[in-house]
$ cat protein_17.pdb   # PDB, C-alpha atoms, pLDDT in the B column
ATOM      1  CA  MET A   1     117.845  75.921  98.772  1.00 36.00           C
ATOM      2  CA  THR A   2     119.960  77.838 101.255  1.00 36.00           C
ATOM      3  CA  ALA A   3     120.246  81.597 101.560  1.00 40.00           C
ATOM      4  CA  GLY A   4     122.527  82.957  98.890  1.00 41.00           C
ATOM      5  CA  THR A   5     121.648  80.284  96.335  1.00 50.00           C
ATOM      6  CA  ARG A   6     118.002  81.157  95.790  1.00 69.00           C
ATOM      7  CA  GLY A   7     118.492  84.747  94.652  1.00 94.00           C
ATOM      8  CA  ARG A   8     118.090  88.121  96.315  1.00 98.00           C
ATOM      9  CA  ALA A   9     115.861  90.994  95.240  1.00 98.00           C
ATOM     10  CA  LEU A  10     116.054  94.640  96.266  1.00 98.00           C
ATOM     11  CA  VAL A  11     112.666  96.376  96.309  1.00 98.00           C
ATOM     12  CA  THR A  12     112.247 100.137  96.765  1.00 98.00           C
ATOM     13  CA  GLY A  13     109.082 101.587  98.229  1.00 96.00           C
ATOM     14  CA  ALA A  14     108.644  98.227  99.923  1.00 97.00           C
ATOM     15  CA  SER A  15     106.751  99.337 103.023  1.00 93.00           C
ATOM     16  CA  SER A  16     103.284  99.547 101.422  1.00 90.00           C
ATOM     17  CA  GLY A  17     101.224  99.258  98.255  1.00 91.00           C
ATOM     18  CA  LEU A  18     102.791  97.656  95.207  1.00 94.00           C
ATOM     19  CA  GLY A  19     106.163  97.491  96.952  1.00 96.00           C
ATOM     20  CA  ALA A  20     104.831  95.389  99.812  1.00 95.00           C
ATOM     21  CA  SER A  21     103.096  93.119  97.313  1.00 96.00           C
ATOM     22  CA  PHE A  22     106.343  92.705  95.374  1.00 98.00           C
ATOM     23  CA  ALA A  23     108.073  91.768  98.617  1.00 98.00           C
ATOM     24  CA  HIS A  24     105.405  89.223  99.579  1.00 97.00           C
ATOM     25  CA  GLN A  25     105.284  87.568  96.157  1.00 97.00           C
ATOM     26  CA  LEU A  26     109.054  87.395  95.798  1.00 98.00           C
ATOM     27  CA  ALA A  27     109.387  85.968  99.308  1.00 98.00           C
ATOM     28  CA  ALA A  28     106.685  83.399  98.577  1.00 97.00           C
ATOM     29  CA  ALA A  29     108.827  82.255  95.647  1.00 96.00           C
ATOM     30  CA  GLY A  30     111.782  81.771  98.020  1.00 96.00           C
ATOM     31  CA  THR A  31     113.673  84.951  97.154  1.00 97.00           C
ATOM     32  CA  ASP A  32     115.743  86.675  99.830  1.00 98.00           C
ATOM     33  CA  LEU A  33     115.087  90.398 100.076  1.00 98.00           C
ATOM     34  CA  VAL A  34     116.583  93.819 100.658  1.00 98.00           C
ATOM     35  CA  LEU A  35     113.690  96.116 101.619  1.00 98.00           C
ATOM     36  CA  VAL A  36     114.062  99.838 100.942  1.00 98.00           C
ATOM     37  CA  ALA A  37     111.742 102.649 102.076  1.00 97.00           C
ATOM     38  CA  ARG A  38     111.852 105.762 104.236  1.00 95.00           C
ATOM     39  CA  THR A  39     110.167 104.287 107.319  1.00 94.00           C
ATOM     40  CA  ALA A  40     112.364 101.873 109.237  1.00 96.00           C
ATOM     41  CA  ASP A  41     109.601 100.678 111.580  1.00 96.00           C
ATOM     42  CA  ALA A  42     107.324  99.673 108.715  1.00 96.00           C
ATOM     43  CA  LEU A  43     110.195  97.860 107.004  1.00 97.00           C
ATOM     44  CA  GLU A  44     111.076  95.967 110.183  1.00 97.00           C
ATOM     45  CA  ARG A  45     107.467  94.817 110.580  1.00 97.00           C
ATOM     46  CA  LEU A  46     107.342  93.653 106.974  1.00 97.00           C
ATOM     47  CA  ALA A  47     110.705  91.920 107.268  1.00 97.00           C
ATOM     48  CA  GLY A  48     109.497  90.008 110.307  1.00 97.00           C
ATOM     49  CA  GLU A  49     106.322  88.924 108.526  1.00 96.00           C
ATOM     50  CA  LEU A  50     108.278  87.657 105.540  1.00 97.00           C
ATOM     51  CA  ARG A  51     110.794  85.756 107.649  1.00 97.00           C
ATOM     52  CA  GLN A  52     108.033  84.056 109.606  1.00 96.00           C
ATOM     53  CA  ALA A  53     105.798  83.277 106.622  1.00 96.00           C
ATOM     54  CA  HIS A  54     108.414  82.215 104.086  1.00 96.00           C
ATOM     55  CA  GLY A  55     111.693  81.603 105.880  1.00 96.00           C
ATOM     56  CA  VAL A  56     113.599  84.020 103.675  1.00 97.00           C
ATOM     57  CA  ASP A  57     116.484  86.262 104.643  1.00 97.00           C
ATOM     58  CA  THR A  58     115.261  89.857 104.850  1.00 97.00           C
ATOM     59  CA  GLU A  59     117.500  92.899 105.124  1.00 98.00           C
ATOM     60  CA  VAL A  60     116.128  96.337 105.973  1.00 98.00           C
ATOM     61  CA  LEU A  61     117.696  99.401 104.332  1.00 98.00           C
ATOM     62  CA  PRO A  62     115.900 102.646 105.258  1.00 98.00           C
ATOM     63  CA  ALA A  63     116.498 105.380 102.683  1.00 98.00           C
ATOM     64  CA  ASP A  64     114.843 108.543 101.422  1.00 97.00           C
ATOM     65  CA  LEU A  65     115.242 108.391  97.649  1.00 98.00           C
ATOM     66  CA  ALA A  66     114.820 112.156  97.374  1.00 97.00           C
ATOM     67  CA  ASP A  67     118.257 112.405  99.012  1.00 97.00           C
ATOM     68  CA  ARG A  68     121.014 111.568  96.555  1.00 96.00           C
ATOM     69  CA  ALA A  69     123.453 110.580  99.293  1.00 98.00           C
ATOM     70  CA  GLN A  70     120.961 107.985 100.515  1.00 98.00           C
ATOM     71  CA  VAL A  71     120.306 106.872  96.935  1.00 98.00           C
ATOM     72  CA  ALA A  72     124.058 106.306  96.620  1.00 98.00           C
ATOM     73  CA  THR A  73     123.945 104.031  99.663  1.00 98.00           C
ATOM     74  CA  VAL A  74     121.234 101.916  98.022  1.00 98.00           C
ATOM     75  CA  ALA A  75     123.227 101.861  94.781  1.00 98.00           C
ATOM     76  CA  GLU A  76     126.260 100.584  96.696  1.00 98.00           C
ATOM     77  CA  ARG A  77     124.123  97.803  98.139  1.00 98.00           C
ATOM     78  CA  ILE A  78     123.046  96.776  94.637  1.00 98.00           C
ATOM     79  CA  GLY A  79     126.675  96.721  93.568  1.00 97.00           C
ATOM     80  CA  ALA A  80     127.720  94.428  96.411  1.00 96.00           C
ATOM     81  CA  GLY A  81     127.301  91.448  94.105  1.00 91.00           C
ATOM     82  CA  ASP A  82     124.526  89.375  95.690  1.00 96.00           C
ATOM     83  CA  VAL A  83     121.461  91.222  94.363  1.00 98.00           C
ATOM     84  CA  ASP A  84     119.978  89.379  91.387  1.00 97.00           C
ATOM     85  CA  THR A  85     116.798  91.432  90.925  1.00 98.00           C
ATOM     86  CA  VAL A  86     116.121  95.147  91.382  1.00 98.00           C
ATOM     87  CA  VAL A  87     112.543  96.446  91.555  1.00 98.00           C
ATOM     88  CA  ASN A  88     112.436 100.240  91.276  1.00 98.00           C
ATOM     89  CA  ASN A  89     108.935 100.708  92.651  1.00 97.00           C
ATOM     90  CA  ALA A  90     109.288 103.806  94.859  1.00 96.00           C
ATOM     91  CA  GLY A  91     107.581 106.893  93.511  1.00 93.00           C
ATOM     92  CA  PHE A  92     104.959 109.496  94.256  1.00 90.00           C
ATOM     93  CA  GLY A  93     102.718 112.015  92.544  1.00 86.00           C
ATOM     94  CA  PHE A  94     100.171 114.671  93.355  1.00 83.00           C
ATOM     95  CA  TYR A  95      97.101 116.117  91.687  1.00 82.00           C
ATOM     96  CA  GLY A  96      96.598 119.716  90.609  1.00 86.00           C
ATOM     97  CA  PRO A  97      98.131 122.413  88.398  1.00 89.00           C
ATOM     98  CA  VAL A  98     101.831 123.237  88.528  1.00 92.00           C
ATOM     99  CA  SER A  99     100.897 126.771  89.604  1.00 92.00           C
ATOM    100  CA  GLY A 100      99.466 125.305  92.818  1.00 91.00           C
ATOM    101  CA  HIS A 101     102.618 123.455  93.859  1.00 91.00           C
ATOM    102  CA  GLY A 102     105.931 124.619  95.211  1.00 94.00           C
ATOM    103  CA  LEU A 103     109.093 124.087  93.219  1.00 95.00           C
ATOM    104  CA  ASP A 104     110.465 121.816  95.933  1.00 95.00           C
ATOM    105  CA  GLN A 105     107.440 119.522  95.473  1.00 93.00           C
ATOM    106  CA  GLU A 106     107.946 119.339  91.730  1.00 94.00           C
ATOM    107  CA  LEU A 107     111.698 118.747  91.918  1.00 96.00           C
ATOM    108  CA  GLY A 108     111.225 116.240  94.728  1.00 95.00           C
ATOM    109  CA  MET A 109     109.046 114.190  92.421  1.00 95.00           C
ATOM    110  CA  VAL A 110     111.713 114.305  89.728  1.00 97.00           C
ATOM    111  CA  ASP A 111     114.350 113.245  92.266  1.00 98.00           C
ATOM    112  CA  VAL A 112     112.395 110.154  93.365  1.00 97.00           C
ATOM    113  CA  ASP A 113     110.570 109.204  90.161  1.00 97.00           C
ATOM    114  CA  VAL A 114     113.418 109.896  87.720  1.00 98.00           C
ATOM    115  CA  ALA A 115     116.859 110.510  89.259  1.00 98.00           C
ATOM    116  CA  ALA A 116     116.668 107.648  91.763  1.00 98.00           C
ATOM    117  CA  VAL A 117     115.419 105.257  89.069  1.00 98.00           C
ATOM    118  CA  VAL A 118     118.360 106.174  86.847  1.00 98.00           C
ATOM    119  CA  ALA A 119     120.883 105.833  89.682  1.00 98.00           C
ATOM    120  CA  LEU A 120     119.622 102.443  90.848  1.00 98.00           C
ATOM    121  CA  SER A 121     119.103 101.120  87.321  1.00 98.00           C
ATOM    122  CA  HIS A 122     122.667 102.166  86.501  1.00 98.00           C
ATOM    123  CA  ALA A 123     123.941 100.324  89.581  1.00 98.00           C
ATOM    124  CA  ALA A 124     121.966  97.230  88.568  1.00 98.00           C
ATOM    125  CA  VAL A 125     123.265  97.262  84.996  1.00 98.00           C
ATOM    126  CA  GLN A 126     126.854  97.790  86.115  1.00 98.00           C
ATOM    127  CA  ALA A 127     126.619  94.844  88.519  1.00 98.00           C
ATOM    128  CA  MET A 128     124.584  92.445  86.376  1.00 98.00           C
ATOM    129  CA  ALA A 129     125.830  92.831  82.818  1.00 98.00           C
ATOM    130  CA  PRO A 130     129.427  91.678  83.495  1.00 97.00           C
ATOM    131  CA  ARG A 131     128.231  88.524  85.242  1.00 96.00           C
ATOM    132  CA  GLY A 132     125.677  87.772  82.519  1.00 97.00           C
ATOM    133  CA  ARG A 133     122.556  87.482  84.658  1.00 97.00           C
ATOM    134  CA  GLY A 134     120.082  89.581  86.587  1.00 98.00           C
ATOM    135  CA  ALA A 135     116.719  91.305  86.324  1.00 98.00           C
ATOM    136  CA  LEU A 136     115.536  94.911  86.518  1.00 98.00           C
ATOM    137  CA  LEU A 137     111.886  95.928  86.858  1.00 98.00           C
ATOM    138  CA  ASN A 138     111.032  99.632  86.805  1.00 98.00           C
ATOM    139  CA  VAL A 139     107.520 100.759  87.695  1.00 98.00           C
ATOM    140  CA  ALA A 140     106.092 103.507  85.483  1.00 97.00           C
ATOM    141  CA  SER A 141     102.373 104.129  84.846  1.00 93.00           C
ATOM    142  CA  VAL A 142      99.810 104.340  82.051  1.00 92.00           C
ATOM    143  CA  ALA A 143     100.181 108.082  82.664  1.00 90.00           C
ATOM    144  CA  ALA A 144     103.502 107.688  80.824  1.00 93.00           C
ATOM    145  CA  PHE A 145     101.686 107.386  77.499  1.00 91.00           C
ATOM    146  CA  ALA A 146     100.024 110.828  77.489  1.00 86.00           C
ATOM    147  CA  PRO A 147     100.663 114.410  78.611  1.00 87.00           C
ATOM    148  CA  THR A 148      98.329 114.837  81.563  1.00 86.00           C
ATOM    149  CA  PRO A 149      97.114 118.283  82.629  1.00 87.00           C
ATOM    150  CA  GLU A 150      96.767 118.480  86.427  1.00 86.00           C
ATOM    151  CA  SER A 151      99.494 115.826  86.664  1.00 87.00           C
ATOM    152  CA  ALA A 152     102.100 117.317  84.356  1.00 92.00           C
ATOM    153  CA  THR A 153     105.312 116.449  86.189  1.00 94.00           C
ATOM    154  CA  TYR A 154     104.164 112.964  87.183  1.00 93.00           C
ATOM    155  CA  SER A 155     103.152 111.933  83.656  1.00 94.00           C
ATOM    156  CA  ALA A 156     106.397 113.360  82.256  1.00 96.00           C
ATOM    157  CA  ALA A 157     108.466 111.564  84.909  1.00 97.00           C
ATOM    158  CA  LYS A 158     106.772 108.251  84.191  1.00 96.00           C
ATOM    159  CA  SER A 159     107.217 108.789  80.453  1.00 96.00           C
ATOM    160  CA  PHE A 160     110.939 109.094  81.123  1.00 98.00           C
ATOM    161  CA  VAL A 161     110.905 105.815  83.061  1.00 98.00           C
ATOM    162  CA  LEU A 162     109.028 104.096  80.229  1.00 98.00           C
ATOM    163  CA  LEU A 163     111.362 105.227  77.453  1.00 97.00           C
ATOM    164  CA  TYR A 164     114.516 104.794  79.534  1.00 98.00           C
ATOM    165  CA  THR A 165     113.629 101.236  80.500  1.00 98.00           C
ATOM    166  CA  GLU A 166     112.599 100.270  76.982  1.00 98.00           C
ATOM    167  CA  ALA A 167     115.986 101.469  75.760  1.00 98.00           C
ATOM    168  CA  LEU A 168     117.780  99.509  78.486  1.00 98.00           C
ATOM    169  CA  HIS A 169     115.836  96.402  77.489  1.00 98.00           C
ATOM    170  CA  ASP A 170     117.286  96.563  73.987  1.00 98.00           C
ATOM    171  CA  GLU A 171     120.763  97.625  75.136  1.00 98.00           C
ATOM    172  CA  LEU A 172     120.982  94.528  77.329  1.00 98.00           C
ATOM    173  CA  ALA A 173     119.542  92.065  74.811  1.00 97.00           C
ATOM    174  CA  GLY A 174     121.738  88.977  74.725  1.00 96.00           C
ATOM    175  CA  THR A 175     123.552  89.775  77.972  1.00 98.00           C
ATOM    176  CA  GLY A 176     121.422  87.558  80.208  1.00 98.00           C
ATOM    177  CA  VAL A 177     119.950  90.572  82.018  1.00 98.00           C
ATOM    178  CA  ARG A 178     116.148  90.859  81.813  1.00 98.00           C
ATOM    179  CA  VAL A 179     114.599  94.341  81.818  1.00 98.00           C
ATOM    180  CA  THR A 180     110.892  95.211  82.070  1.00 98.00           C
ATOM    181  CA  VAL A 181     108.878  98.367  82.667  1.00 98.00           C
ATOM    182  CA  LEU A 182     105.519  97.906  84.398  1.00 97.00           C
ATOM    183  CA  CYS A 183     102.818 100.464  83.566  1.00 95.00           C
ATOM    184  CA  PRO A 184      99.828 100.021  85.882  1.00 92.00           C
ATOM    185  CA  GLY A 185      96.702 102.157  85.833  1.00 79.00           C
ATOM    186  CA  PHE A 186      94.467 102.957  88.777  1.00 70.00           C
ATOM    187  CA  THR A 187      95.385 100.440  91.474  1.00 62.00           C
ATOM    188  CA  ARG A 188      93.939 100.067  94.962  1.00 61.00           C
ATOM    189  CA  THR A 189      96.862 101.239  97.095  1.00 63.00           C
ATOM    190  CA  ASN A 190      97.560 104.265  99.305  1.00 66.00           C
ATOM    191  CA  PHE A 191      99.167 106.046  96.333  1.00 57.00           C
ATOM    192  CA  GLN A 192      95.933 107.805  95.322  1.00 54.00           C
ATOM    193  CA  ALA A 193      95.221 109.092  98.837  1.00 54.00           C
ATOM    194  CA  ASN A 194      98.764 110.411  99.129  1.00 54.00           C
ATOM    195  CA  ALA A 195      98.365 112.128  95.762  1.00 48.00           C
ATOM    196  CA  GLY A 196      95.092 113.787  96.766  1.00 53.00           C
ATOM    197  CA  ILE A 197      92.998 111.590  94.471  1.00 54.00           C
ATOM    198  CA  THR A 198      89.654 110.192  95.683  1.00 52.00           C
ATOM    199  CA  GLY A 199      88.723 108.319  92.495  1.00 53.00           C
ATOM    200  CA  LYS A 200      85.028 108.706  93.321  1.00 57.00           C
ATOM    201  CA  GLY A 201      84.220 109.724  89.769  1.00 57.00           C
ATOM    202  CA  LEU A 202      85.758 106.586  88.241  1.00 57.00           C
ATOM    203  CA  PRO A 203      83.819 103.362  87.601  1.00 51.00           C
ATOM    204  CA  GLY A 204      84.865 100.290  89.529  1.00 58.00           C
ATOM    205  CA  PHE A 205      86.015  98.366  86.469  1.00 55.00           C
ATOM    206  CA  VAL A 206      88.993 100.686  85.903  1.00 62.00           C
ATOM    207  CA  TRP A 207      90.536  99.722  89.252  1.00 56.00           C
ATOM    208  CA  ALA A 208      92.991  96.858  89.704  1.00 60.00           C
ATOM    209  CA  GLU A 209      94.190  95.053  92.796  1.00 84.00           C
ATOM    210  CA  ALA A 210      97.842  95.474  93.762  1.00 86.00           C
ATOM    211  CA  ASP A 211      98.559  91.745  93.968  1.00 92.00           C
ATOM    212  CA  GLU A 212      97.325  91.143  90.421  1.00 92.00           C
ATOM    213  CA  VAL A 213      99.358  94.049  89.021  1.00 93.00           C
ATOM    214  CA  VAL A 214     102.488  92.745  90.721  1.00 96.00           C
ATOM    215  CA  ARG A 215     101.868  89.176  89.583  1.00 96.00           C
ATOM    216  CA  ARG A 216     101.624  90.312  85.973  1.00 95.00           C
ATOM    217  CA  GLY A 217     104.726  92.452  86.325  1.00 97.00           C
ATOM    218  CA  LEU A 218     106.813  89.595  87.697  1.00 98.00           C
ATOM    219  CA  GLU A 219     105.545  87.244  84.999  1.00 97.00           C
ATOM    220  CA  ALA A 220     106.537  89.794  82.340  1.00 98.00           C
ATOM    221  CA  LEU A 221     109.976  90.130  83.900  1.00 98.00           C
ATOM    222  CA  ALA A 222     110.413  86.351  83.864  1.00 97.00           C
ATOM    223  CA  ARG A 223     109.651  86.410  80.109  1.00 97.00           C
ATOM    224  CA  ASN A 224     111.924  89.432  79.576  1.00 98.00           C
ATOM    225  CA  GLN A 225     108.969  91.366  78.163  1.00 98.00           C
ATOM    226  CA  ALA A 226     109.984  94.965  77.551  1.00 98.00           C
ATOM    227  CA  VAL A 227     106.685  96.664  78.489  1.00 97.00           C
ATOM    228  CA  CYS A 228     103.907  95.292  80.671  1.00 96.00           C
ATOM    229  CA  VAL A 229     100.560  97.114  80.721  1.00 93.00           C
ATOM    230  CA  PRO A 230      98.292  94.972  82.912  1.00 88.00           C
ATOM    231  CA  GLY A 231      94.559  94.880  82.161  1.00 75.00           C
ATOM    232  CA  VAL A 232      92.406  95.531  79.097  1.00 77.00           C
ATOM    233  CA  VAL A 233      91.353  99.031  80.189  1.00 75.00           C
ATOM    234  CA  ASN A 234      94.957 100.057  80.681  1.00 71.00           C
ATOM    235  CA  LYS A 235      96.004  98.589  77.330  1.00 79.00           C
ATOM    236  CA  VAL A 236      93.350 100.722  75.597  1.00 78.00           C
ATOM    237  CA  THR A 237      94.459 103.738  77.638  1.00 74.00           C
ATOM    238  CA  ALA A 238      98.058 103.195  76.553  1.00 73.00           C
ATOM    239  CA  LEU A 239      97.166 102.670  72.884  1.00 78.00           C
ATOM    240  CA  THR A 240      94.822 105.654  72.435  1.00 73.00           C
ATOM    241  CA  PRO A 241      97.516 108.377  72.672  1.00 69.00           C
ATOM    242  CA  ARG A 242      99.425 106.672  69.864  1.00 73.00           C
ATOM    243  CA  LEU A 243      96.447 106.864  67.527  1.00 65.00           C
ATOM    244  CA  ALA A 244      94.609 110.079  68.401  1.00 60.00           C
ATOM    245  CA  PRO A 245      95.735 113.656  67.601  1.00 72.00           C
ATOM    246  CA  ARG A 246      97.691 115.210  70.459  1.00 69.00           C
ATOM    247  CA  PRO A 247      95.107 117.942  71.256  1.00 73.00           C
ATOM    248  CA  VAL A 248      92.477 115.213  71.589  1.00 69.00           C
ATOM    249  CA  VAL A 249      94.768 113.174  73.841  1.00 64.00           C
ATOM    250  CA  ARG A 250      95.267 116.162  76.142  1.00 70.00           C
ATOM    251  CA  ARG A 251      91.531 116.867  76.309  1.00 72.00           C
ATOM    252  CA  ILE A 252      90.776 113.248  77.177  1.00 68.00           C
ATOM    253  CA  ALA A 253      93.461 113.251  79.851  1.00 64.00           C
ATOM    254  CA  ARG A 254      92.109 116.467  81.335  1.00 66.00           C
ATOM    255  CA  GLN A 255      88.583 115.046  81.471  1.00 68.00           C
ATOM    256  CA  VAL A 256      89.811 111.930  83.252  1.00 64.00           C
ATOM    257  CA  MET A 257      91.687 114.004  85.816  1.00 61.00           C
ATOM    258  CA  LYS A 258      88.559 116.083  86.497  1.00 60.00           C
ATOM    259  CA  ARG A 259      86.818 112.907  87.645  1.00 58.00           C
ATOM    260  CA  LEU A 260      89.413 112.275  90.331  1.00 54.00           C
TER     261      LEU A 260
END
$ encode --input "protein_17.pdb" --output "structure tokens"
Amino acid sequence: MTAGTRGRALVTGASSGLGASFAHQLAAAGTDLVLVARTADALERLAGELRQAHGVDTEVLPADLADRAQVATVAERIGAGDVDTVVNNAGFGFYGPVSGHGLDQELGMVDVDVAAVVALSHAAVQAMAPRGRGALLNVASVAAFAPTPESATYSAAKSFVLLYTEALHDELAGTGVRVTVLCPGFTRTNFQANAGITGKGLPGFVWAEADEVVRRGLEALARNQAVCVPGVVNKVTALTPRLAPRPVVRRIARQVMKRL
């Protein structure tokens, strides 16, 4: 297939972690790419690797998704008409009580983890629904299923992404647009280090590899599965808050966070 006939995916947070794995796996499947992240140099290196390894067309679009003007630029790129798949992977979090963080930190997380997801999902829906095809994958977290002391804003932001994407999935049923929310648990990426989490108190079996999480997410998207929670441990983690009393859920979440 030639460029333009094999599909094009836009991936945010593509320079590392899950985003880089999404880019590699999509490229390996022959998908052309638009790579979005803050660091242009890292994106250029990744783009070169993907071109050489898979022969795909790779476009670099540096953008800070905490800046709404730059988010608008990414949204315009989605609306250009040649993007078939949008992966809203960019996001960040940090560990500790709200009293220990500045307001700018908290609102910055909401800007990236919530506002940017809404803006880019909206752009995807507006572009894809009229033409009757497309795919949207939003990355949330198992933290979305429970209020999490010491990670209050992050768990609330990811809960928004979960519920928002589930609703979009049903809104777009029958339109030809597939919508999935991916809810990974502890995954071996640089996310934990950036969030101030060592994970030394957690057993090895709770950790997943980024490539496996991404593979499961893309498979779920191909099936148009509304919610993907990869791994048995994460499935139990997601189910428990629905069954246990809320005070118990909060205590369990607090105990887990103390082990980080």
$ closest_residue --input "protein_17.pdb" --among "A:Gly100, A:Met128, A:Ala116, A:Leu65" --to "A:Val161" --atoms "only C-alpha atoms"
A:Ala116
$ atom_distance --input "protein_17.pdb" --atom1 "atom CA of A:Ser99" --atom2 "atom CA of A:Thr148"
14.6 Å
$ atom_distance --input "protein_17.pdb" --atom1 "atom CA of A:Arg38" --atom2 "atom CA of A:Pro97"
26.8 Å
$ closest_residue --input "protein_17.pdb" --among "A:Asp211, A:Gly93, A:Val181, A:His169" --to "A:Ala20" --atoms "all atoms listed in the file"
A:Asp211
$ closest_residue --input "protein_17.pdb" --among "A:Val232, A:Ala90, A:Ala75, A:Ala80" --to "A:Val11" --atoms "all atoms listed in the file"
A:Ala90
$ residues_around --input "protein_17.pdb" --residues "A:Val74" --least-positions-apart "5" --cutoff "12 Å" --atoms "only C-alpha atoms" --output "PDB file with C-alpha atoms, in the frame of the given file"
ATOM      1  CA  LEU A  10     116.054  94.640  96.266  1.00 98.00           C
ATOM      2  CA  VAL A  11     112.666  96.376  96.309  1.00 98.00           C
ATOM      3  CA  THR A  12     112.247 100.137  96.765  1.00 98.00           C
ATOM      4  CA  VAL A  34     116.583  93.819 100.658  1.00 98.00           C
ATOM      5  CA  LEU A  35     113.690  96.116 101.619  1.00 98.00           C
ATOM      6  CA  VAL A  36     114.062  99.838 100.942  1.00 98.00           C
ATOM      7  CA  ALA A  37     111.742 102.649 102.076  1.00 97.00           C
ATOM      8  CA  ARG A  38     111.852 105.762 104.236  1.00 95.00           C
ATOM      9  CA  VAL A  60     116.128  96.337 105.973  1.00 98.00           C
ATOM     10  CA  LEU A  61     117.696  99.401 104.332  1.00 98.00           C
ATOM     11  CA  PRO A  62     115.900 102.646 105.258  1.00 98.00           C
ATOM     12  CA  ALA A  63     116.498 105.380 102.683  1.00 98.00           C
ATOM     13  CA  ASP A  64     114.843 108.543 101.422  1.00 97.00           C
ATOM     14  CA  LEU A  65     115.242 108.391  97.649  1.00 98.00           C
ATOM     15  CA  ASP A  67     118.257 112.405  99.012  1.00 97.00           C
ATOM     16  CA  ARG A  68     121.014 111.568  96.555  1.00 96.00           C
ATOM     17  CA  ALA A  69     123.453 110.580  99.293  1.00 98.00           C
ATOM     18  CA  GLY A  79     126.675  96.721  93.568  1.00 97.00           C
ATOM     19  CA  ALA A  80     127.720  94.428  96.411  1.00 96.00           C
ATOM     20  CA  VAL A  83     121.461  91.222  94.363  1.00 98.00           C
ATOM     21  CA  VAL A  86     116.121  95.147  91.382  1.00 98.00           C
ATOM     22  CA  ASN A  88     112.436 100.240  91.276  1.00 98.00           C
ATOM     23  CA  ALA A 116     116.668 107.648  91.763  1.00 98.00           C
ATOM     24  CA  VAL A 117     115.419 105.257  89.069  1.00 98.00           C
ATOM     25  CA  ALA A 119     120.883 105.833  89.682  1.00 98.00           C
ATOM     26  CA  LEU A 120     119.622 102.443  90.848  1.00 98.00           C
ATOM     27  CA  SER A 121     119.103 101.120  87.321  1.00 98.00           C
ATOM     28  CA  HIS A 122     122.667 102.166  86.501  1.00 98.00           C
ATOM     29  CA  ALA A 123     123.941 100.324  89.581  1.00 98.00           C
ATOM     30  CA  ALA A 124     121.966  97.230  88.568  1.00 98.00           C
TER      31      ALA A 124
END
$ atom_distance --input "protein_17.pdb" --atom1 "atom CA of A:Ala27" --atom2 "atom CA of A:Arg131"
23.7 Å
$ decode --input "protein_17.pdb" --residues "stretch 6-16 of chain A" --atoms "N, CA, C and O atoms" --output "PDB file, in the first residue's frame"
ATOM      1  N   ARG A   6      -3.023   3.571   3.560  1.00  0.00           N
ATOM      2  CA  ARG A   6      -2.874   2.586   4.624  1.00  0.00           C
ATOM      3  C   ARG A   6      -3.302   3.118   5.982  1.00  0.00           C
ATOM      4  O   ARG A   6      -3.162   2.445   6.992  1.00  0.00           O
ATOM      5  N   GLY A   7      -3.766   4.355   6.039  1.00  0.00           N
ATOM      6  CA  GLY A   7      -4.228   4.932   7.286  1.00  0.00           C
ATOM      7  C   GLY A   7      -3.157   5.750   7.971  1.00  0.00           C
ATOM      8  O   GLY A   7      -1.953   5.538   7.780  1.00  0.00           O
ATOM      9  N   ARG A   8      -3.608   6.720   8.755  1.00  0.00           N
ATOM     10  CA  ARG A   8      -2.688   7.593   9.490  1.00  0.00           C
ATOM     11  C   ARG A   8      -3.211   7.750  10.903  1.00  0.00           C
ATOM     12  O   ARG A   8      -4.400   8.003  11.116  1.00  0.00           O
ATOM     13  N   ALA A   9      -2.314   7.605  11.874  1.00  0.00           N
ATOM     14  CA  ALA A   9      -2.674   7.756  13.278  1.00  0.00           C
ATOM     15  C   ALA A   9      -1.931   8.928  13.882  1.00  0.00           C
ATOM     16  O   ALA A   9      -0.744   9.138  13.595  1.00  0.00           O
ATOM     17  N   LEU A  10      -2.602   9.685  14.727  1.00  0.00           N
ATOM     18  CA  LEU A  10      -1.985  10.745  15.509  1.00  0.00           C
ATOM     19  C   LEU A  10      -1.883  10.260  16.949  1.00  0.00           C
ATOM     20  O   LEU A  10      -2.885   9.839  17.544  1.00  0.00           O
ATOM     21  N   VAL A  11      -0.668  10.295  17.487  1.00  0.00           N
ATOM     22  CA  VAL A  11      -0.400   9.807  18.840  1.00  0.00           C
ATOM     23  C   VAL A  11       0.167  10.944  19.672  1.00  0.00           C
ATOM     24  O   VAL A  11       1.202  11.531  19.303  1.00  0.00           O
ATOM     25  N   THR A  12      -0.468  11.268  20.800  1.00  0.00           N
ATOM     26  CA  THR A  12       0.073  12.280  21.702  1.00  0.00           C
ATOM     27  C   THR A  12       0.938  11.605  22.764  1.00  0.00           C
ATOM     28  O   THR A  12       0.783  10.432  23.069  1.00  0.00           O
ATOM     29  N   GLY A  13       1.874  12.382  23.297  1.00  0.00           N
ATOM     30  CA  GLY A  13       2.813  11.809  24.259  1.00  0.00           C
ATOM     31  C   GLY A  13       3.661  10.727  23.625  1.00  0.00           C
ATOM     32  O   GLY A  13       4.026   9.738  24.272  1.00  0.00           O
ATOM     33  N   ALA A  14       4.014  10.927  22.357  1.00  0.00           N
ATOM     34  CA  ALA A  14       4.624   9.857  21.565  1.00  0.00           C
ATOM     35  C   ALA A  14       6.111   9.678  21.813  1.00  0.00           C
ATOM     36  O   ALA A  14       6.688   8.695  21.359  1.00  0.00           O
ATOM     37  N   SER A  15       6.754  10.577  22.525  1.00  0.00           N
ATOM     38  CA  SER A  15       8.212  10.555  22.598  1.00  0.00           C
ATOM     39  C   SER A  15       8.764   9.483  23.524  1.00  0.00           C
ATOM     40  O   SER A  15       9.953   9.153  23.447  1.00  0.00           O
ATOM     41  N   SER A  16       7.931   8.916  24.415  1.00  0.00           N
ATOM     42  CA  SER A  16       8.439   7.923  25.362  1.00  0.00           C
ATOM     43  C   SER A  16       7.287   7.094  25.904  1.00  0.00           C
ATOM     44  O   SER A  16       6.111   7.378  25.662  1.00  0.00           O
TER      45      SER A  16
END
